[in-house]
Amino acid sequence: MQALYAQLLVGLINGSFYALLSLGLAVIFGMLNIINFAHGALYMMGAFCAYFLLNVLGIGYWWALLIAPIAVGIFGMILERTMLQWLSGLDHLYGLLLTFGIALIVQGVFQDRFGSSGLPYAIPDELKGGMNLGFMFLPIYRGWVVVFSLIVCFATWFLIERTRLGAYLRAATENPTLVRAFGINVPRMITLTYGLGVGLAALAGVLSAPINQVRPLMGADLIIVVFAVVVIGGMGSILGSIITGFALGVIEGLTKYFYPEASNTVVFVLMVLVLLVKPTGLTGRAA
Amino acid sequence: MKARLIASLLLGTALGFAAATAASADDKTVKVGVLTDNSGLYSDLGGAGSTLAAQMAVEDSGMAAKGWKIDLISADHQNKPDIGTSIARQWIDVEKVDIFMDVLNSGVALAVNNLVKEKNSIMINTGAATSDLTNAQCSPNTIHWVYDTYMLANSTGQALVKAGGDTWFFLTADYAFGAALERDTTAVVVKAGGKVIGGVKHPLNTADFSSFLLQAQASKAKIVGMANAGGDTTNTIKQASEFGIVAGGQKLAGLLLFITDVHSLGLKVAQGLNFTETFYWDLNDGTRAFSKRFSDRMKNKAQPSMVQAGVYSGLMHYFKALEAMGGNPHDGAKMVAKMKDMPTDDPLFGQGSIRADGRKLHPAYLFEVKKPEESKGPWDYYKLVGTTPADQAFRPVSESACPLLKK
């Protein structure tokens, strides 16, 4: 029983990464209608950004949490301005292919330069060590990841669903022409939204840097699972992607305990089941 | 008219035959194929470095000056046995590749091993770990050059049990390699009086090991044996320190660790780990000289891994055998037999030999990773703590199931 609690908690930790990443994807898909396959590469860039901040400029983890998402977010906005914006109104497939290509190029460049084994990034001193919870040893850093991502997820949900800015955004997705008629600069808003989604990916990258090696392929390994999460949660649903992210982390954690060989596939089995029963995803609305 | 056509066709065929036989008498063309992981989790320990090592062997052999024409090609098998075999098939049938080098990843290696035997080609395997390549699956066309799971288990496993680590829990990569390494290590542990009290199989290329580490922790085993490699091992080690595995009194056993892994982990995390390799750049003047030239030509200035060093050493031996034959017979089994007849000697692995089952024999070194304050600079990572001589490092003939060995 104790082992079960431990696995649940570990699942929740992984779930926070799924939630952060799928949230970014959901925001981008919901507002821009783009299936952002470059998300994994941008997550990886966030982690590398933290590494460079520390090793080149001597800027530590806490500032990296702020700077890396902004820096990678700006990179994302440049991508949107120079390439993605020309795809609006076209079939989803074009956006998917373009972002997939971007992901391959970015990963290739990083791998060529830094190899595949990755670079070390230490846990910040303030979050080192762990506590004994009775049923498991919880590294403080992992606890921090769960709390911090919950806050970020909630803040993003609040921003989009409950603020005036969010209302503009949602309106702009429904009817851009009308919103423009009210004097709102829709293209700029879309660029900023893409930047926000990308920033979330980079933030997840910084959070994961002390846990995993900072590797060029860290995002490629994760992104497929995250897409499954988004599909299960319902494409474009903010709250759906957060909840499914955490829930699937937990389910995966349990699988690692009961039948570890299947831990790579369980998410996809669930995806198939959900699609069979409810093709729009758990929280998605029919188009 | 028709008769003339047939006659000329016959003549042409005869001429063609004559040309073909004439060519094989002193055919001095050779094609070397480096089949490796160029983009995945093992690409640092093989990959472009293996191709560079092959290139250096071609240059150092001086074969071109003696009238040989050597082509080198390389491909990425993406760690997938099906892709590996289809590239290998094309290389043999279309590209006329004579010899396969590296072929890391045990799953791919076993698949290519069968094909190479069927097509009478050659594989000098320097990257795959599974000891099956020279045991049940041994082949007259394959030489296993650098290391294998039996040797790793024998050296590292025995040393750890001797030091008091008599209960083991395994974290095993769920494919041919992990299974072989776990099996061979278990045998050594049990033989030395230890006990395996549990284990968990994880999928290849796993990012998060926390679930598995918790299970290892709960098992209370003294040794947590990592029967995995590359990125899987580095993630395990890094996360084990986070979960306080070593601080809690358990010891991590890296059954297969490469210098590139240690470099990627950093000494702070990796210090104190024990593991076995058959090559280290800083062993002696010969290894240092080669490694200096190698790292100067590597994009990230990395020192060679034992897999890459093996590609160089294996090819050099192949070239020596070719010279002794005076021409390329394009006959895999014949060339491999010739290579087995000749003693091996090169600056990287020292003097050695190749056994009838295809096992290359040389000493195995037990290393310990230095503490950060002991390291004099980048890549100065290992302390030599023990050497197993060539004749004891690998599976003894008496335990082998290979039919090529006469007992």
# chains A, B, ... in the order shown; residues from 1 in each chain; ligands from 1

$ interface_residues --of "chain B" --to "chain A" --cutoff "7 Å" --atoms "only C-alpha atoms" --output "ChimeraX atom specification"
/B:40-41,43-44,201-203,207,210-211,231,235,239,242-243,261,264-266,300

$ write_last_selection --atoms "C-alpha atoms" --output "PDB file, in the first residue's frame"
ATOM      1  CA  GLY B  40      19.758   8.441 -31.015  1.00  0.00           C
ATOM      2  CA  LEU B  41      20.763   7.783 -27.436  1.00  0.00           C
ATOM      3  CA  SER B  43      25.223   8.186 -30.983  1.00  0.00           C
ATOM      4  CA  ASP B  44      27.866   9.687 -28.705  1.00  0.00           C
ATOM      5  CA  LYS B 201      12.382  -4.073 -16.746  1.00  0.00           C
ATOM      6  CA  HIS B 202      12.024  -0.576 -18.167  1.00  0.00           C
ATOM      7  CA  PRO B 203      11.428   0.408 -21.815  1.00  0.00           C
ATOM      8  CA  ALA B 207      13.245   9.681 -19.257  1.00  0.00           C
ATOM      9  CA  SER B 210      11.689   7.586 -10.252  1.00  0.00           C
ATOM     10  CA  SER B 211       9.103   4.779 -10.117  1.00  0.00           C
ATOM     11  CA  GLY B 231      21.075   7.926 -21.843  1.00  0.00           C
ATOM     12  CA  ASN B 235      19.287   9.390 -16.197  1.00  0.00           C
ATOM     13  CA  GLN B 239      17.860  10.540 -10.449  1.00  0.00           C
ATOM     14  CA  GLU B 242      18.097  12.824  -6.182  1.00  0.00           C
ATOM     15  CA  PHE B 243      16.185  10.038  -4.436  1.00  0.00           C
ATOM     16  CA  ASP B 261      28.311   8.951 -20.144  1.00  0.00           C
ATOM     17  CA  SER B 264      27.766  13.929 -19.630  1.00  0.00           C
ATOM     18  CA  LEU B 265      27.020  13.267 -15.948  1.00  0.00           C
ATOM     19  CA  GLY B 266      29.906  15.300 -14.611  1.00  0.00           C
ATOM     20  CA  ASN B 300      33.060  18.414 -29.714  1.00  0.00           C
TER      21      ASN B 300
END

$ residues_around --residues "A:Val27" --least-positions-apart "6" --cutoff "10 Å" --atoms "only C-alpha atoms" --output "count of residues only"
16

$ atom_distance --atom1 "atom CA of B:Phe170" --atom2 "atom CA of B:Thr260"
22.6 Å

$ residues_around --residues "stretch 62-74 of chain A" --least-positions-apart "4" --cutoff "10 Å" --atoms "only C-alpha atoms" --output "JSON, numbers by chain"
{"A": [42, 43, 44, 45, 46, 47, 48, 49, 50, 51, 52, 53, 54, 78, 79, 80, 124, 191, 192, 193, 194, 195, 196, 197, 198, 199, 200, 201, 202, 203, 204, 205, 206, 207]}

$ write_last_selection --atoms "N, CA and C atoms" --output "compact mmCIF listing (two decimals), in the first residue's frame"
# COMPACT_ATOMS: atom_id res chain seq x y z
N LEU A 42 11.15 23.10 -28.54
CA LEU A 42 11.18 24.36 -27.79
C LEU A 42 11.36 24.10 -26.30
N TYR A 43 10.77 22.99 -25.83
CA TYR A 43 10.97 22.54 -24.45
C TYR A 43 12.45 22.27 -24.21
N MET A 44 13.06 21.57 -25.17
CA MET A 44 14.49 21.28 -25.09
C MET A 44 15.30 22.58 -25.09
N MET A 45 14.90 23.55 -25.92
CA MET A 45 15.63 24.81 -25.96
C MET A 45 15.56 25.52 -24.61
N GLY A 46 14.42 25.39 -23.93
CA GLY A 46 14.30 25.98 -22.59
C GLY A 46 15.34 25.42 -21.65
N ALA A 47 15.50 24.09 -21.68
CA ALA A 47 16.48 23.45 -20.81
C ALA A 47 17.90 23.88 -21.17
N PHE A 48 18.19 23.93 -22.47
CA PHE A 48 19.53 24.35 -22.90
C PHE A 48 19.78 25.81 -22.51
N CYS A 49 18.73 26.61 -22.61
CA CYS A 49 18.84 28.01 -22.25
C CYS A 49 19.27 28.13 -20.78
N ALA A 50 18.63 27.34 -19.91
CA ALA A 50 19.00 27.35 -18.49
C ALA A 50 20.45 26.94 -18.33
N TYR A 51 20.88 25.93 -19.10
CA TYR A 51 22.25 25.46 -19.00
C TYR A 51 23.23 26.57 -19.38
N PHE A 52 22.94 27.27 -20.49
CA PHE A 52 23.85 28.32 -20.92
C PHE A 52 23.85 29.49 -19.96
N LEU A 53 22.67 29.84 -19.44
CA LEU A 53 22.61 30.94 -18.49
C LEU A 53 23.54 30.65 -17.32
N LEU A 54 23.53 29.40 -16.86
CA LEU A 54 24.35 29.04 -15.70
C LEU A 54 25.82 28.97 -16.06
N ILE A 78 9.26 34.98 -33.27
CA ILE A 78 9.91 35.20 -34.57
C ILE A 78 9.45 34.13 -35.56
N LEU A 79 9.40 32.88 -35.08
CA LEU A 79 8.91 31.79 -35.94
C LEU A 79 7.52 32.10 -36.45
N GLU A 80 6.66 32.57 -35.53
CA GLU A 80 5.27 32.83 -35.89
C GLU A 80 5.20 33.93 -36.93
N PRO A 124 19.26 23.33 -7.85
CA PRO A 124 19.68 24.49 -7.08
C PRO A 124 19.80 24.16 -5.58
N THR A 191 0.46 36.48 -32.26
CA THR A 191 1.89 36.28 -32.07
C THR A 191 2.21 36.13 -30.59
N LEU A 192 1.62 37.01 -29.77
CA LEU A 192 1.88 36.95 -28.33
C LEU A 192 1.38 35.63 -27.74
N THR A 193 0.25 35.15 -28.25
CA THR A 193 -0.27 33.87 -27.74
C THR A 193 0.68 32.74 -28.06
N TYR A 194 1.20 32.75 -29.28
CA TYR A 194 2.16 31.70 -29.63
C TYR A 194 3.37 31.79 -28.71
N GLY A 195 3.81 33.03 -28.47
CA GLY A 195 4.93 33.24 -27.55
C GLY A 195 4.61 32.67 -26.17
N LEU A 196 3.38 32.85 -25.72
CA LEU A 196 2.99 32.35 -24.40
C LEU A 196 3.06 30.82 -24.37
N GLY A 197 2.50 30.18 -25.40
CA GLY A 197 2.53 28.72 -25.46
C GLY A 197 3.95 28.20 -25.47
N VAL A 198 4.80 28.84 -26.27
CA VAL A 198 6.19 28.44 -26.38
C VAL A 198 6.91 28.67 -25.05
N GLY A 199 6.59 29.80 -24.41
CA GLY A 199 7.19 30.10 -23.11
C GLY A 199 6.86 29.03 -22.09
N LEU A 200 5.63 28.51 -22.14
CA LEU A 200 5.25 27.44 -21.22
C LEU A 200 6.11 26.19 -21.45
N ALA A 201 6.35 25.89 -22.73
CA ALA A 201 7.20 24.74 -23.05
C ALA A 201 8.60 24.95 -22.50
N ALA A 202 9.14 26.16 -22.71
CA ALA A 202 10.49 26.45 -22.23
C ALA A 202 10.55 26.37 -20.72
N LEU A 203 9.48 26.83 -20.07
CA LEU A 203 9.43 26.77 -18.61
C LEU A 203 9.50 25.32 -18.13
N ALA A 204 8.74 24.45 -18.80
CA ALA A 204 8.80 23.03 -18.45
C ALA A 204 10.21 22.50 -18.67
N GLY A 205 10.88 22.99 -19.72
CA GLY A 205 12.25 22.58 -19.99
C GLY A 205 13.18 22.95 -18.85
N VAL A 206 13.06 24.18 -18.36
CA VAL A 206 13.90 24.62 -17.24
C VAL A 206 13.61 23.76 -16.01
N LEU A 207 12.33 23.50 -15.76
CA LEU A 207 11.96 22.70 -14.59
C LEU A 207 12.57 21.30 -14.67

$ residues_around --residues "stretch 138-147 of chain B" --least-positions-apart "2" --cutoff "8 Å" --atoms "only C-alpha atoms" --output "ChimeraX atom specification"
/B:113,116-117,120-127,129,132-136,149,151-152,277-278,306-307,310,314,332-333,336-337,354,357-361,402-404

$ select_by_dssp --residues "stretch 204-257 of chain A" --states "alpha helix (DSSP H)" --output "PyMOL selection string"
chain A and resi 204-208+218-233+238-257

$ write_last_selection --atoms "N, CA and C atoms" --output "CSV table (one decimal), in the first residue's frame"
chain,number,residue,atom,x,y,z
A,204,ALA,N,8.7,24.4,-18.8
A,204,ALA,CA,8.8,23.0,-18.5
A,204,ALA,C,10.2,22.5,-18.7
A,205,GLY,N,10.9,23.0,-19.7
A,205,GLY,CA,12.2,22.6,-20.0
A,205,GLY,C,13.2,22.9,-18.9
A,206,VAL,N,13.1,24.2,-18.4
A,206,VAL,CA,13.9,24.6,-17.2
A,206,VAL,C,13.6,23.8,-16.0
A,207,LEU,N,12.3,23.5,-15.8
A,207,LEU,CA,12.0,22.7,-14.6
A,207,LEU,C,12.6,21.3,-14.7
A,208,SER,N,12.6,20.8,-15.9
A,208,SER,CA,13.1,19.4,-16.0
A,208,SER,C,14.6,19.3,-16.1
A,218,MET,N,15.6,15.3,-25.6
A,218,MET,CA,14.7,15.2,-24.5
A,218,MET,C,13.2,15.5,-24.9
A,219,GLY,N,13.1,16.5,-25.8
A,219,GLY,CA,11.7,16.9,-26.2
A,219,GLY,C,11.1,15.9,-27.1
A,220,ALA,N,11.9,15.4,-28.0
A,220,ALA,CA,11.4,14.4,-29.0
A,220,ALA,C,10.8,13.2,-28.3
A,221,ASP,N,11.5,12.8,-27.2
A,221,ASP,CA,11.0,11.6,-26.5
A,221,ASP,C,9.7,11.8,-25.8
A,222,LEU,N,9.4,13.1,-25.4
A,222,LEU,CA,8.3,13.4,-24.6
A,222,LEU,C,7.1,13.8,-25.4
A,223,ILE,N,7.3,14.5,-26.6
A,223,ILE,CA,6.3,15.2,-27.3
A,223,ILE,C,5.2,14.2,-27.8
A,224,ILE,N,5.5,13.0,-28.1
A,224,ILE,CA,4.5,12.1,-28.6
A,224,ILE,C,3.5,11.8,-27.5
A,225,VAL,N,4.0,11.5,-26.3
A,225,VAL,CA,3.1,11.3,-25.2
A,225,VAL,C,2.3,12.5,-24.9
A,226,VAL,N,2.9,13.7,-25.0
A,226,VAL,CA,2.1,14.9,-24.7
A,226,VAL,C,1.0,15.1,-25.7
A,227,PHE,N,1.3,14.7,-27.0
A,227,PHE,CA,0.2,14.8,-28.0
A,227,PHE,C,-0.9,13.9,-27.7
A,228,ALA,N,-0.6,12.7,-27.2
A,228,ALA,CA,-1.6,11.8,-26.8
A,228,ALA,C,-2.5,12.4,-25.7
A,229,VAL,N,-1.8,13.1,-24.7
A,229,VAL,CA,-2.5,13.7,-23.6
A,229,VAL,C,-3.5,14.7,-24.2
A,230,VAL,N,-3.0,15.5,-25.2
A,230,VAL,CA,-3.9,16.6,-25.7
A,230,VAL,C,-5.1,16.0,-26.4
A,231,VAL,N,-4.8,14.9,-27.1
A,231,VAL,CA,-5.9,14.2,-27.9
A,231,VAL,C,-6.9,13.7,-26.9
A,232,ILE,N,-6.4,13.1,-25.8
A,232,ILE,CA,-7.3,12.5,-24.8
A,232,ILE,C,-8.1,13.6,-24.1
A,233,GLY,N,-7.4,14.7,-23.8
A,233,GLY,CA,-8.1,15.8,-23.1
A,233,GLY,C,-9.1,16.6,-24.0
A,238,ILE,N,-8.4,24.1,-22.5
A,238,ILE,CA,-7.4,24.4,-21.5
A,238,ILE,C,-7.4,23.6,-20.3
A,239,LEU,N,-8.6,23.6,-19.7
A,239,LEU,CA,-8.8,22.9,-18.4
A,239,LEU,C,-8.6,21.4,-18.7
A,240,GLY,N,-9.2,20.9,-19.8
A,240,GLY,CA,-9.1,19.5,-20.1
A,240,GLY,C,-7.6,19.0,-20.2
A,241,SER,N,-6.8,19.8,-20.8
A,241,SER,CA,-5.4,19.4,-21.0
A,241,SER,C,-4.7,19.4,-19.7
A,242,ILE,N,-5.0,20.3,-18.8
A,242,ILE,CA,-4.3,20.3,-17.5
A,242,ILE,C,-4.7,19.1,-16.7
A,243,ILE,N,-6.0,18.8,-16.6
A,243,ILE,CA,-6.5,17.7,-15.8
A,243,ILE,C,-6.0,16.4,-16.4
A,244,THR,N,-6.1,16.2,-17.8
A,244,THR,CA,-5.6,15.0,-18.4
A,244,THR,C,-4.1,14.8,-18.1
A,245,GLY,N,-3.3,15.9,-18.2
A,245,GLY,CA,-1.9,15.8,-18.0
A,245,GLY,C,-1.6,15.2,-16.7
A,246,PHE,N,-2.2,15.7,-15.6
A,246,PHE,CA,-1.9,15.1,-14.3
A,246,PHE,C,-2.4,13.7,-14.2
A,247,ALA,N,-3.6,13.5,-14.7
A,247,ALA,CA,-4.3,12.2,-14.6
A,247,ALA,C,-3.4,11.1,-15.3
A,248,LEU,N,-2.9,11.4,-16.5
A,248,LEU,CA,-2.2,10.4,-17.2
A,248,LEU,C,-0.8,10.2,-16.6
A,249,GLY,N,-0.2,11.2,-16.0
A,249,GLY,CA,1.0,11.0,-15.2
A,249,GLY,C,0.8,9.9,-14.2
A,250,VAL,N,-0.3,10.1,-13.5
A,250,VAL,CA,-0.6,9.1,-12.4
A,250,VAL,C,-0.9,7.7,-12.9
A,251,ILE,N,-1.6,7.6,-14.0
A,251,ILE,CA,-1.9,6.3,-14.6
A,251,ILE,C,-0.6,5.7,-15.1
A,252,GLU,N,0.3,6.5,-15.7
A,252,GLU,CA,1.5,5.9,-16.1
A,252,GLU,C,2.4,5.5,-15.0
A,253,GLY,N,2.3,6.2,-13.9
A,253,GLY,CA,3.1,5.9,-12.7
A,253,GLY,C,2.6,4.5,-12.1
A,254,LEU,N,1.3,4.3,-12.1
A,254,LEU,CA,0.8,3.0,-11.6
A,254,LEU,C,1.2,1.9,-12.5
A,255,THR,N,1.2,2.2,-13.9
A,255,THR,CA,1.6,1.1,-14.8
A,255,THR,C,3.1,0.7,-14.5
A,256,LYS,N,3.9,1.7,-14.2
A,256,LYS,CA,5.3,1.4,-14.0
A,256,LYS,C,5.4,0.5,-12.8
A,257,TYR,N,4.5,0.5,-11.9
A,257,TYR,CA,4.5,-0.3,-10.7
A,257,TYR,C,4.0,-1.7,-11.0
